[in-house]
Each structure stands twice: as structure tokens, then as C-alpha cells.
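**Q** Sharing coords-v2.cif below, mmCIF, C-alpha atoms:
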data_final
#
loop_
_atom_site.label_atom_id
_atom_site.label_comp_id
_atom_site.auth_asym_id
_atom_site.auth_seq_id
_atom_site.Cartn_x
_atom_site.Cartn_y
_atom_site.Cartn_z
CA MET A 8 0.00 0.00 0.00
CA ALA A 9 1.23 3.52 -0.76
CA SER A 10 2.74 5.66 1.97
CA LEU A 11 0.20 7.79 3.72
CA VAL A 12 1.06 11.31 4.85
CA THR A 13 -0.86 13.94 6.77
CA THR A 14 -2.06 17.07 5.01
CA PHE A 15 -0.91 20.55 6.07
CA PRO A 16 -2.95 23.72 5.36
CA LEU A 17 -0.71 24.98 2.59
CA LEU A 18 -0.15 21.97 0.43
CA LEU A 19 2.50 19.56 1.77
CA LEU A 20 5.43 21.68 2.78
CA PHE A 21 6.72 18.69 4.72
CA ALA A 22 5.35 15.17 5.22
CA ILE A 23 4.91 12.89 8.23
CA THR A 24 4.25 9.21 7.64
CA THR A 25 1.23 7.60 9.31
CA ILE A 26 -0.95 4.53 8.79
CA ILE A 27 -4.68 4.12 8.12
CA VAL A 28 -6.12 3.38 11.54
CA ALA A 29 -8.58 0.68 12.56
CA GLN A 30 -11.46 3.16 12.87
CA ASP A 31 -11.36 3.76 9.12
CA LEU A 32 -14.12 2.04 7.15
CA CYS A 33 -13.43 -0.31 4.25
CA LEU A 34 -16.09 0.34 1.62
CA ASP A 35 -14.78 -2.43 -0.64
CA GLY A 36 -11.61 -4.18 -1.73
CA ASP A 37 -8.39 -5.33 -0.10
CA CYS A 38 -8.21 -2.47 2.38
CA ASN A 39 -5.75 -4.01 4.85
CA ASN A 40 -3.93 -6.46 2.58
CA ASP A 41 -6.10 -9.26 3.93
CA GLY A 42 -9.45 -8.74 2.21
CA GLU A 43 -11.17 -9.03 -1.14
CA TRP A 44 -13.80 -7.30 -3.24
CA ASP A 45 -17.49 -8.06 -2.90
CA THR A 46 -17.44 -9.39 -6.44
CA ASN A 47 -21.13 -10.25 -6.67
CA ALA A 48 -22.21 -6.70 -5.83
CA TRP A 49 -20.56 -5.01 -8.83
CA TYR A 50 -21.65 -4.72 -12.47
CA ALA A 51 -20.58 -2.71 -15.51
CA GLN A 52 -22.80 -0.20 -17.31
CA VAL A 53 -21.85 1.74 -20.42
CA ASP A 54 -23.35 4.49 -22.53
CA GLY A 55 -25.29 2.05 -24.72
CA VAL A 56 -28.27 2.96 -22.55
CA MET A 57 -28.00 6.41 -24.19
CA GLY A 58 -27.14 5.19 -27.68
CA GLY A 59 -23.38 5.35 -27.19
CA LYS A 60 -20.67 2.95 -28.36
CA SER A 61 -18.27 2.86 -25.42
CA THR A 62 -17.28 -0.47 -23.88
CA GLY A 63 -16.53 -1.59 -20.36
CA SER A 64 -15.39 -4.85 -18.81
CA LEU A 65 -15.22 -5.76 -15.12
CA ASP A 66 -13.04 -8.49 -13.64
CA PHE A 67 -11.46 -9.30 -10.29
CA VAL A 68 -7.89 -10.57 -10.23
CA ASP A 69 -5.16 -11.52 -7.74
CA ASP A 70 -7.51 -13.73 -5.69
CA ASP A 71 -10.24 -11.07 -5.88
CA SER A 72 -8.01 -8.50 -4.17
CA THR A 73 -7.96 -6.17 -7.21
CA MET A 74 -10.72 -4.76 -9.38
CA LEU A 75 -9.81 -4.59 -13.09
CA PHE A 76 -12.00 -2.15 -15.02
CA SER A 77 -11.13 -1.74 -18.69
CA GLY A 78 -12.72 -0.68 -21.94
CA LYS A 79 -12.81 2.00 -24.60
CA ILE A 80 -14.51 5.39 -24.55
CA SER A 81 -16.23 6.44 -27.77
CA LEU A 82 -17.61 9.95 -28.19
CA ASP A 83 -20.00 8.75 -30.87
CA GLY A 84 -23.37 9.16 -29.19
CA GLY A 85 -22.14 8.76 -25.63
CA GLY A 86 -18.87 9.05 -23.76
CA PHE A 87 -18.84 7.03 -20.55
CA SER A 88 -18.18 3.64 -19.05
CA SER A 89 -18.88 2.74 -15.42
CA VAL A 90 -18.90 0.06 -12.75
CA ARG A 91 -21.49 0.20 -10.00
CA ARG A 92 -22.64 -1.46 -6.82
CA SER A 93 -25.29 -1.07 -4.16
CA PHE A 94 -24.54 -1.80 -0.53
CA LEU A 95 -27.22 -4.51 -0.63
CA GLY A 96 -29.61 -3.11 1.94
CA ARG A 97 -26.92 -1.51 4.10
CA ILE A 98 -27.08 2.20 4.81
CA ILE A 99 -23.65 3.73 5.48
CA ASP A 100 -23.11 6.91 7.47
CA LEU A 101 -20.04 8.69 6.10
CA THR A 102 -20.35 11.80 8.27
CA PRO A 103 -17.69 10.63 10.81
CA TYR A 104 -15.12 10.51 8.01
CA ALA A 105 -13.00 13.23 6.43
CA GLY A 106 -13.00 11.63 3.02
CA ILE A 107 -12.21 8.65 0.83
CA VAL A 108 -8.87 7.02 0.00
CA ILE A 109 -8.67 5.06 -3.25
CA THR A 110 -5.64 2.80 -3.57
CA MET A 111 -4.83 1.76 -7.12
CA GLU A 112 -2.20 0.93 -9.67
CA SER A 113 -0.67 4.04 -11.23
CA GLN A 114 -0.57 4.54 -14.99
CA SER A 115 2.69 3.57 -16.63
CA PHE A 116 4.39 6.46 -18.42
CA GLU A 117 6.11 5.37 -21.62
CA SER A 118 8.54 7.98 -22.91
CA SER A 119 8.11 6.60 -26.43
CA GLU A 120 4.36 7.19 -26.37
CA ASP A 121 3.10 10.55 -27.60
CA ASP A 122 -0.34 10.30 -26.03
CA ASP A 123 0.44 9.52 -22.38
CA VAL A 124 -1.82 11.53 -20.09
CA PRO A 125 -3.26 10.73 -16.63
CA LEU A 126 -6.81 9.37 -16.54
CA ALA A 127 -9.43 11.38 -14.64
CA MET A 128 -12.36 9.55 -13.05
CA HIS A 129 -15.42 10.08 -10.90
CA LEU A 130 -16.19 8.25 -7.69
CA GLN A 131 -19.90 8.60 -7.07
CA PHE A 132 -22.22 7.90 -4.14
CA GLY A 133 -25.98 7.50 -4.03
CA ASP A 134 -28.19 7.84 -0.96
CA SER A 135 -31.52 6.40 0.14
CA THR A 136 -33.44 9.68 0.05
CA PRO A 137 -36.25 10.11 -2.53
CA GLN A 138 -34.21 12.65 -4.56
CA ARG A 139 -32.53 9.87 -6.63
CA TRP A 140 -29.53 12.07 -7.46
CA ARG A 141 -26.04 10.58 -7.28
CA PHE A 142 -23.09 12.72 -6.20
CA ALA A 143 -19.64 12.51 -7.77
CA ALA A 144 -16.15 13.79 -6.97
CA ALA A 145 -13.11 13.80 -9.24
CA PHE A 146 -9.79 12.01 -8.88
CA THR A 147 -7.00 11.21 -11.32
CA ILE A 148 -4.82 8.12 -11.61
CA PRO A 149 -1.26 9.49 -11.57
CA LEU A 150 1.49 8.53 -13.95
CA SER A 151 4.52 6.54 -12.83
CA SER A 152 7.70 5.40 -14.54
CA SER A 153 7.49 2.21 -16.56
CA GLU A 154 10.97 1.44 -15.19
CA ASP A 155 9.90 1.78 -11.55
CA ASP A 156 11.06 -1.22 -9.52
CA GLY A 157 8.07 -0.91 -7.18
CA ASP A 158 4.61 -2.39 -7.67
CA GLY A 159 3.17 0.86 -9.04
CA THR A 160 0.66 1.20 -6.20
CA THR A 161 -0.47 4.71 -5.33
CA SER A 162 -3.39 6.37 -3.54
CA VAL A 163 -5.53 9.48 -3.76
CA PHE A 164 -7.60 11.23 -1.10
CA ILE A 165 -10.99 12.81 -1.86
CA PRO A 166 -12.52 15.10 0.80
CA LEU A 167 -16.10 14.17 1.60
CA GLU A 168 -17.30 17.68 0.74
CA ASN A 169 -16.09 17.19 -2.83
CA PHE A 170 -19.00 14.86 -3.58
CA ASP A 171 -21.05 17.79 -4.79
CA ARG A 172 -21.79 17.08 -8.47
CA GLY A 173 -25.37 15.83 -8.36
CA SER A 174 -26.60 14.09 -11.51
CA ARG A 175 -29.22 11.64 -12.72
CA THR A 176 -29.55 10.04 -16.18
CA GLY A 177 -27.28 12.68 -17.69
CA PHE A 178 -28.94 15.69 -16.03
CA VAL A 179 -27.03 17.80 -13.50
CA CYS A 180 -28.79 19.09 -10.41
CA GLN A 181 -29.06 22.89 -10.50
CA ASN A 182 -31.08 23.64 -7.37
CA GLY A 183 -28.67 23.07 -4.51
CA CYS A 184 -29.24 19.35 -3.95
CA ALA A 185 -26.67 17.62 -1.75
CA LEU A 186 -25.57 14.14 -0.78
CA ASP A 187 -27.11 12.90 2.46
CA ALA A 188 -23.91 11.37 3.81
CA THR A 189 -25.83 9.69 6.64
CA LYS A 190 -27.71 7.48 4.15
CA VAL A 191 -25.22 6.30 1.51
CA ASN A 192 -26.44 3.14 -0.22
CA SER A 193 -24.47 2.85 -3.50
CA MET A 194 -21.07 3.54 -5.07
CA ASP A 195 -19.96 3.93 -8.71
CA LEU A 196 -16.75 4.54 -10.67
CA TYR A 197 -16.87 6.39 -14.00
CA VAL A 198 -14.54 7.09 -16.91
CA LEU A 199 -15.99 10.01 -18.88
CA PHE A 200 -15.27 11.74 -22.21
CA GLN A 201 -11.61 10.70 -22.52
CA GLU A 202 -11.61 9.00 -25.89
CA GLY A 203 -9.71 5.76 -26.35
CA ASN A 204 -8.71 2.69 -24.36
CA PHE A 205 -8.48 2.67 -20.57
CA ARG A 206 -7.38 0.10 -18.00
CA VAL A 207 -7.86 0.71 -14.28
CA LYS A 208 -6.75 -1.54 -11.41
CA ILE A 209 -8.08 -0.61 -7.97
CA GLN A 210 -7.07 -2.33 -4.74
CA SER A 211 -9.44 -0.67 -2.27
CA ILE A 212 -11.82 2.17 -1.41
CA THR A 213 -11.70 3.30 2.23
CA ALA A 214 -13.45 6.01 4.24
CA VAL A 215 -10.82 7.64 6.50
CA GLU A 216 -11.26 9.66 9.67
CA GLU A 217 -8.48 12.16 8.96
CA ALA A 218 -7.52 14.09 5.82
CA VAL A 219 -4.39 12.64 4.24
CA SER A 220 -2.23 13.14 1.16
CA PHE A 221 0.12 11.05 -0.96
CA SER A 222 3.24 12.04 -2.84
CA SER A 223 3.04 11.77 -6.63
CA PRO A 224 5.19 8.99 -8.14
CA GLN A 225 8.52 10.16 -9.54
CA ILE A 226 9.18 10.13 -13.28
CA SER A 227 12.43 11.00 -15.03
CA PHE A 228 12.05 12.66 -18.42
CA ASP A 229 14.68 12.16 -21.11
CA SER A 230 14.16 15.59 -22.65
CA GLU A 231 12.21 18.83 -22.43
CA GLU A 232 10.31 17.61 -25.49
CA GLU A 233 8.79 14.83 -23.38
CA ILE A 234 7.64 17.39 -20.81
CA VAL A 235 6.14 19.53 -23.56
CA ASN A 236 4.33 16.48 -24.99
CA LEU A 237 2.89 15.57 -21.59
CA LEU A 238 1.62 19.11 -20.99
CA THR A 239 0.22 19.44 -24.51
CA ASN A 240 -1.65 16.13 -24.14
CA THR A 241 -2.85 17.18 -20.70
CA ILE A 242 -4.33 20.37 -22.15
CA SER A 243 -6.10 18.37 -24.86
CA SER A 244 -7.64 16.00 -22.33
CA GLY A 245 -8.53 18.69 -19.81
CA ALA A 246 -9.99 21.07 -22.39
CA ALA A 247 -12.23 18.30 -23.73
CA LEU A 248 -13.53 17.56 -20.23
CA TYR A 249 -14.03 21.28 -19.60
CA GLY A 250 -16.00 21.49 -22.85
CA TYR A 251 -18.40 18.85 -21.52
CA ASP A 252 -18.80 20.92 -18.30
CA TYR A 253 -16.77 18.48 -16.19
CA TYR A 254 -14.73 21.28 -14.66
CA GLU A 255 -13.64 19.22 -11.65
CA LEU A 256 -12.26 16.45 -13.92
CA CYS A 257 -10.43 19.06 -16.01
CA ALA A 258 -8.81 20.59 -12.92
CA SER A 259 -7.94 17.16 -11.54
CA VAL A 260 -6.07 16.02 -14.65
CA TYR A 261 -4.21 19.36 -14.85
CA TRP A 262 -3.22 19.07 -11.18
CA SER A 263 -2.01 15.50 -11.63
CA SER A 264 0.37 16.30 -14.50
CA LEU A 265 1.72 19.39 -12.74
CA SER A 266 2.32 17.38 -9.55
CA THR A 267 4.15 14.74 -11.60
CA LEU A 268 6.49 17.43 -12.91
CA LEU A 269 6.90 18.91 -9.43
CA GLU A 270 8.17 15.55 -8.14
CA SER A 271 10.38 14.83 -11.16
CA PRO A 272 14.16 15.18 -10.82
CA SER A 273 14.16 16.24 -14.49
CA THR A 274 12.21 19.45 -13.86
CA SER A 275 14.22 22.65 -13.42
CA GLU A 276 13.90 24.73 -10.26
CA GLY A 277 12.40 27.60 -12.23
CA ILE A 278 9.65 25.41 -13.69
CA LYS A 279 8.98 23.89 -10.26
CA GLY A 280 8.55 27.41 -8.90
CA VAL A 281 5.94 28.24 -11.55
CA ILE A 282 4.11 24.97 -10.80
CA CYS A 283 4.14 25.57 -7.07
CA ALA A 284 2.80 29.10 -7.46
CA GLY A 285 -0.10 27.76 -9.52
CA LEU A 286 -0.91 24.93 -7.11
CA LEU A 287 -0.77 27.28 -4.12
CA HIS A 288 -3.11 29.74 -5.84
CA THR A 289 -5.78 27.03 -6.28
CA THR A 290 -5.84 26.60 -2.49
CA THR A 291 -7.36 30.11 -2.35
CA GLN A 292 -10.16 29.05 -4.74
CA LYS A 293 -12.02 26.63 -2.52
CA GLY A 294 -15.13 25.34 -4.26
CA GLN A 295 -14.46 27.40 -7.41
CA LYS A 296 -14.16 24.63 -9.99
CA VAL A 297 -14.00 26.85 -13.07
CA ASN A 298 -11.47 29.23 -11.54
CA SER A 299 -9.28 26.38 -10.32
CA ALA A 300 -9.28 24.79 -13.77
CA TRP A 301 -8.24 28.09 -15.35
CA THR A 302 -5.55 28.73 -12.74
CA LEU A 303 -3.97 25.39 -13.56
CA ARG A 304 -4.37 25.95 -17.30
CA HIS A 305 -2.62 29.33 -17.07
CA THR A 306 0.14 27.62 -15.10
CA ILE A 307 0.61 25.01 -17.83
CA ASP A 308 0.58 27.68 -20.55
CA ALA A 309 3.29 29.62 -18.67
CA ILE A 310 5.46 26.51 -18.37
CA LEU A 311 5.14 25.75 -22.07
CA GLU A 312 6.11 29.31 -22.93
CA ASP A 313 9.10 29.17 -20.59
CA LEU A 314 10.28 25.88 -22.06
CA GLN A 315 9.89 27.00 -25.64
CA ASN A 316 10.97 30.64 -25.44
CA GLY A 317 12.85 31.07 -22.17
CA SER A 318 11.44 32.22 -18.83
CA ASP A 319 12.69 35.81 -19.19
CA SER A 320 10.66 36.35 -22.36
CA ARG A 321 7.26 35.75 -20.74
CA GLU A 322 5.33 38.88 -19.81
CA PRO A 323 3.71 39.13 -16.34
CA GLU A 324 0.02 38.21 -16.63
CA PHE A 325 -1.23 37.47 -13.10
CA ASP A 326 0.09 38.69 -9.76
CA TRP A 327 0.23 35.09 -8.45
CA LEU A 328 2.21 33.73 -11.44
CA PRO A 329 5.95 34.46 -11.17
CA VAL A 330 8.17 35.33 -14.13
CA GLY A 331 11.87 34.58 -14.62
CA SER A 332 14.04 34.33 -11.53
CA ASP A 333 11.10 35.27 -9.27
CA ALA A 334 9.84 31.69 -9.70
CA LEU A 335 12.85 30.34 -7.81
CA SER A 336 11.48 31.59 -4.51
CA PHE A 337 8.52 29.19 -4.87
CA ALA A 338 10.50 26.12 -5.94
CA ASP A 339 10.90 24.57 -2.49
CA GLN A 340 7.54 25.61 -1.02
CA CYS A 341 5.54 22.53 -2.04
CA ARG A 342 5.65 18.95 -3.20
CA GLY A 343 3.56 17.15 -5.77
CA ILE A 344 0.61 15.22 -4.33
CA THR A 345 -1.86 12.94 -6.07
CA SER A 346 -5.04 14.93 -5.39
CA MET A 347 -5.97 18.58 -5.16
CA ALA A 348 -5.30 20.29 -1.85
CA SER A 349 -8.40 22.47 -2.24
CA ASP A 350 -11.88 21.07 -2.90
CA ALA A 351 -11.97 22.32 -6.50
#
Can I see the file as C-alpha cells?
**A**
Amino acid sequence: MASLVTTFPLLLLFAITTIIVAQDLCLDGDCNNDGEWDTNAWYAQVDGVMGGKSTGSLDFVDDDSTMLFSGKISLDGGGFSSVRRSFLGRIIDLTPYAGIVITMESQSFESSEDDDVPLAMHLQFGDSTPQRWRFAAAFTIPLSSSEDDGDGTTSVFIPLENFDRGSRTGFVCQNGCALDATKVNSMDLYVLFQEGNFRVKIQSITAVEEAVSFSSPQISFDSEEEIVNLLTNTISSGAALYGYDYYELCASVYWSSLSTLLESPSTSEGIKGVICAGLLHTTTQKGQKVNSAWTLRHTIDAILEDLQNGSDSREPEFDWLPVGSDALSFADQCRGITSMASDA
């Protein structure tokens, strides 16, 4: 299981290792390296119900300790693939918990591939109230090196208050509906509007009593061109999600790629400073999904300009976004983590 570190108010200036405690609640999976998934409770559902052509396959491997969810997203008439379960008559009260930890296999980054980009997903809860809305929060599966000697396991933390995107049969709630966290009765995982093949391996989903954070896996890049390719592909993926009004997924995939670069030994101190300034600014935009997405997009645009034209050539655009040598003062103020420090 990935290392677990406590979260500090301003983004992970330093980290202290701790362990998920016994009071935490295993929602499903191999939460303590001695369990397995409730395999009979889960099923796959794709966008064919809406005339789409996406595919999705569900399997359980490694003695049922790992969920394998794979398929292909098609934007022809649809755009999603999901796996779902009910809690089979159980009603779960999540209010004692700070949020959810998902432990999973990271995505392998292949330097020879031009289309590598982290995969953004929704974790979604339903409740037993008559409203029938389900409430989703975003997370992104981070990239890791294909040459990593470890098992590729990583984790993300999702604050409970982030489950605020209410939807039902494709319609988004617009009148202030909210998850009743005292009456949770179902759980879903979604891949949405990211065209092409996907393969997701999840070890566990756990409700945790305390907010936590996890360092992004380290990747070494062979050239600045590889960094440019990653950021360009990240923009393409994030902009498409933004265009479908999934602002939280857009921000999540932007954050993930920037955190990967922040943890990389290949990234210059000046670029790390620009990244850190952008990530820190999103912590001032609590609950502002659109603004957070644009903050991270402006950060990526600044990095691309610095890499392609030199940092001294970029004109100041925002008071929070440093230019030239000013970025160096931010370089050691944060570390890359796998999920957003604010609830964007």
C-alpha cells in the first residue's frame, strides 16, 4: 500500500508518515492487505443505454483483491463507461469521516508514447433519500515510470465535501441538492469523455477519519520535449472535459500532470517554482471549480512558454504567477501530491 502522509494547510510543505487506523471504514476491496472485493455486488454499465458505443469490462484478479475495469470510450453518441454497486440493503453513514482514499495501480508512463496523459475519473455515491440524485467527486490516476522497480501502487484522497456534483440520467442538479452522507447506499466509478482505451486496477476504497495526502510517483524525463508532450496532451484531455462541463475532472487532470512534474528530478527549479505558485493559488479558490481549472491551465501555458521561449521572455500576466528568476522563490515551497489540496 502507498505511503500515507498527513495534510498541512498549505499543500505539503513537509510530510509525516502515518498509517490508516482501525477506525477507518473499508467500503470495498483489499483495504488491509487481507481482504477481497465483494465481487457479486458489482456490475458494468456503459453508454449504450444512451445510444453510445463505449465499452466496459469488469473483472477481479489476484484472488479477488484487485478490481480490473477496462474498456474503450467512444464519443459517438455517448462518452462514458462505469462500474457500479449497491450496498445490498446496508445504509452507510459517512459523516464521521474526512474523506475517501482510493488505492490503485498508477498509470505507466512510456517515454516513447506521444499520447500519455493521466486518466481522470469520478467516484460517485448515491443515498436512500427520494431525490434519486447521485453525487460525484473527481480524482485522477497518476502517472509513474514504466521502469519503476516498485509495484506501481499509489493512492488518492478525496474530501467528503467534494461529492457535490449531483446528476441523474445525464442531467445535472441545478437547485442546490446535496448528498445525504448519513444514508449512503451505493457507489460507482466512472470514466468520462476521454476517448480511447483505458485500463484501471483498484485495490481498495476506504473512508478515512483524517484528511491525508500522498506524494506523486517520480518520473524522469529524457528531454524537455517529453515534458512539452505531456503538458500538450494534458491540455487536450482537460480542455475536452471542460467542454463537456466536467470542470472538476479538467482541474484534476491538470493538477495531476503538474504534480508529476513537481516531483520529477528532471524538472528545473524555475519550472517547479511556476508549478508551485499555480498549485498554491488554487488553495485560495475553494469550491471554485472553473477558476481552479483556469488557474492550472494558465500555469501550464506559462510553463510551455518558458520551455519553448525562455522564462525571461514571458510577460507578467497574473500577480500570483511568477516570471523569470522570481519563480525560484517558490521552488521549495511545495511537493507534488496525487489529489488537489483544495476542494476544487
**Q** Counting all atoms listed in the file, which residues sit no farther than 9 Å from the position (-6.1, -5.9, 0.1) in the file's frame? I'd like them as a tab-separated table (two decimals) with C-alpha atoms, in the frame of the given file.
**A**
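That gives us out_35.tsv:
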chain	number	residue	atom	x	y	z
A	8	MET	CA	0.00	0.00	0.00
A	36	GLY	CA	-11.61	-4.18	-1.73
A	37	ASP	CA	-8.39	-5.33	-0.10
A	38	CYS	CA	-8.21	-2.47	2.38
A	39	ASN	CA	-5.75	-4.01	4.85
A	40	ASN	CA	-3.93	-6.46	2.58
A	41	ASP	CA	-6.10	-9.26	3.93
A	42	GLY	CA	-9.45	-8.74	2.21
A	43	GLU	CA	-11.17	-9.03	-1.14
A	44	TRP	CA	-13.80	-7.30	-3.24
A	71	ASP	CA	-10.24	-11.07	-5.88
A	72	SER	CA	-8.01	-8.50	-4.17
A	73	THR	CA	-7.96	-6.17	-7.21
A	210	GLN	CA	-7.07	-2.33	-4.74
A	211	SER	CA	-9.44	-0.67	-2.27
**Q** Grab the CA of Asp308 in chain A to CA of Thr291 in chain A distance for me, in Å with one decimal place.
**A**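 Interatomic distance here is 20.0 Å.
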**Q** Calculate how many Å separate CA of Thr306 in chain A from CA of Tyr261 in chain A, rounding to one decimal.
**A**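 For CA of Thr306 in chain A relative to CA of Tyr261 in chain A, the distance reads 9.3 Å.
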**Q** Pick from A:Gly63, A:Pro166, A:Pro272, A:Gly183: nearest to Met347 in chain A, with only C-alpha atoms counted?
**A**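 Result for the nearest residue to Met347 in chain A: A:Pro166.
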**Q** Considering only C-alpha atoms, return as a list in words whatever protein or nucleic-acid residues lie within 6 Å of range 188-191 of chain A, sequence-local ones (same chain, fewer than 2 positions apart) excluded.
**A**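 The neighbour list is Ile98, Ile99, Asp100, Leu101, Thr102, Gly133, Asp134, Ser135 and Leu186 of chain A.
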**Q** Looking at all atoms listed in the file, which of A:Leu167, A:Ala309, A:Leu82, A:Ala338 is the one that sits closest to Thr213 in chain A?
**A**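 Going through A:Leu167, A:Ala309, A:Leu82, A:Ala338 one by one, the smallest distance to Thr213 in chain A is for A:Leu167.
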**Q** Using all atoms listed in the file, pick whichever of A:Gly331, A:Pro137, A:Gly285, A:Gly280 has the shortest atom-to-atom distance to Cys184 in chain A.
**A**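 Counting all atoms listed in the file, the residue closest to Cys184 in chain A is A:Pro137.
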**Q** Excluding Ser89 in chain A and its own-chain neighbours fewer than 4 positions away, which residues fall within 8 Å of it when counting all atoms listed in the file? Please give them as a PDB file with C-alpha atoms, keeping the file's coordinate frame.
**A**
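out25.pdb, written as the output of this step:
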ATOM      1  CA  ALA A  51     -20.580  -2.710 -15.510  1.00  0.00           C
ATOM      2  CA  GLN A  52     -22.800  -0.200 -17.310  1.00  0.00           C
ATOM      3  CA  VAL A  53     -21.850   1.740 -20.420  1.00  0.00           C
ATOM      4  CA  GLY A  63     -16.530  -1.590 -20.360  1.00  0.00           C
ATOM      5  CA  ASP A 195     -19.960   3.930  -8.710  1.00  0.00           C
ATOM      6  CA  LEU A 196     -16.750   4.540 -10.670  1.00  0.00           C
ATOM      7  CA  TYR A 197     -16.870   6.390 -14.000  1.00  0.00           C
ATOM      8  CA  VAL A 198     -14.540   7.090 -16.910  1.00  0.00           C
TER       9      VAL A 198
END
**Q** At what distance in Å, to one decimal, does CA of Ile165 in chain A lie from CA of Pro224 in chain A?
**A**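 Between CA of Pro224 in chain A and CA of Ile165 in chain A the gap works out to 17.8 Å.
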**Q** Please, what is the axis-aligned box for every listed atom of range 245-255 of chain A with 6 Å on each side, as centre and edge lengths in Å to one decimal, as AutoDock Vina command-line options?
**A**
--center_x -13.7 --center_y 19.5 --center_z -17.7 --size_x 22.3 --size_y 15.9 --size_z 24.1
**Q** Assuming the chain letters and numbering stay as they are in my file, what does the PyMOL selection byres ((chain A and resi 94) around 6) actually select? List them as a list in words.
**A**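 Those residues are Ser93, Leu95, Gly96, Arg97, Asn192 and Ser193 of chain A.
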**Q** Just the selected residues (C-alpha atoms), exported as a compact mmCIF listing (two decimals), keeping the file's coordinate frame, please.
**A**
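Written output follows (out.txt):
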# COMPACT_ATOMS: atom_id res chain seq x y z
CA SER A 93 -25.29 -1.07 -4.16
CA LEU A 95 -27.22 -4.51 -0.63
CA GLY A 96 -29.61 -3.11 1.94
CA ARG A 97 -26.92 -1.51 4.10
CA ASN A 192 -26.44 3.14 -0.22
CA SER A 193 -24.47 2.85 -3.50
**Q** Considering all atoms listed in the file, can you say which of A:Pro103, A:Gly78, A:Gly203, A:Pro329 comes closest to Gln30 in chain A?
**A**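 For Gln30 in chain A, the nearest of the candidates is A:Pro103.
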**Q** So, counting only C-alpha atoms, which residue among A:Thr302, A:Gln340, A:Ser162, A:Thr110 is closest to Met74 in chain A?
**A**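 Comparing A:Thr302, A:Gln340, A:Ser162, A:Thr110 against Met74 in chain A, the winner is A:Thr110.
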**Q** So, with only C-alpha atoms as the atoms that count, which of A:Thr136, A:Thr161, A:Ser61, A:Ser223 lies closest to Lys208 in chain A?
**A**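 Going through A:Thr136, A:Thr161, A:Ser61, A:Ser223 one by one, the smallest distance to Lys208 in chain A is for A:Thr161.
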**Q** Starting from the shown file, work through the PyMOL selection byres ((chain A and resi 145-147) around 10) and note down what comes out as JSON, numbers by chain.
**A** {"A": [109, 113, 114, 125, 126, 127, 128, 129, 130, 131, 143, 144, 148, 149, 150, 162, 163, 164, 165, 169, 170, 171, 172, 197, 253, 254, 255, 256, 257, 258, 259, 260, 261, 262, 263, 264, 345, 346, 347, 350, 351]}
**Q** Name all residues at most 12 Å from Gln138 in chain A (count only C-alpha atoms; drop same-chain ones fewer than 6 positions away) and give them as an MDAnalysis selection string.
**A** chainID A and resid 173:175 180 182:187
**Q** With C-alpha atoms retained, could you export that selection as a PDB file, in the frame of the given file?
**A**
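Writing the result to result_31.pdb gives the following:
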ATOM      1  CA  GLY A 173     -25.370  15.830  -8.360  1.00  0.00           C
ATOM      2  CA  SER A 174     -26.600  14.090 -11.510  1.00  0.00           C
ATOM      3  CA  ARG A 175     -29.220  11.640 -12.720  1.00  0.00           C
ATOM      4  CA  CYS A 180     -28.790  19.090 -10.410  1.00  0.00           C
ATOM      5  CA  ASN A 182     -31.080  23.640  -7.370  1.00  0.00           C
ATOM      6  CA  GLY A 183     -28.670  23.070  -4.510  1.00  0.00           C
ATOM      7  CA  CYS A 184     -29.240  19.350  -3.950  1.00  0.00           C
ATOM      8  CA  ALA A 185     -26.670  17.620  -1.750  1.00  0.00           C
ATOM      9  CA  LEU A 186     -25.570  14.140  -0.780  1.00  0.00           C
ATOM     10  CA  ASP A 187     -27.110  12.900   2.460  1.00  0.00           C
TER      11      ASP A 187
END
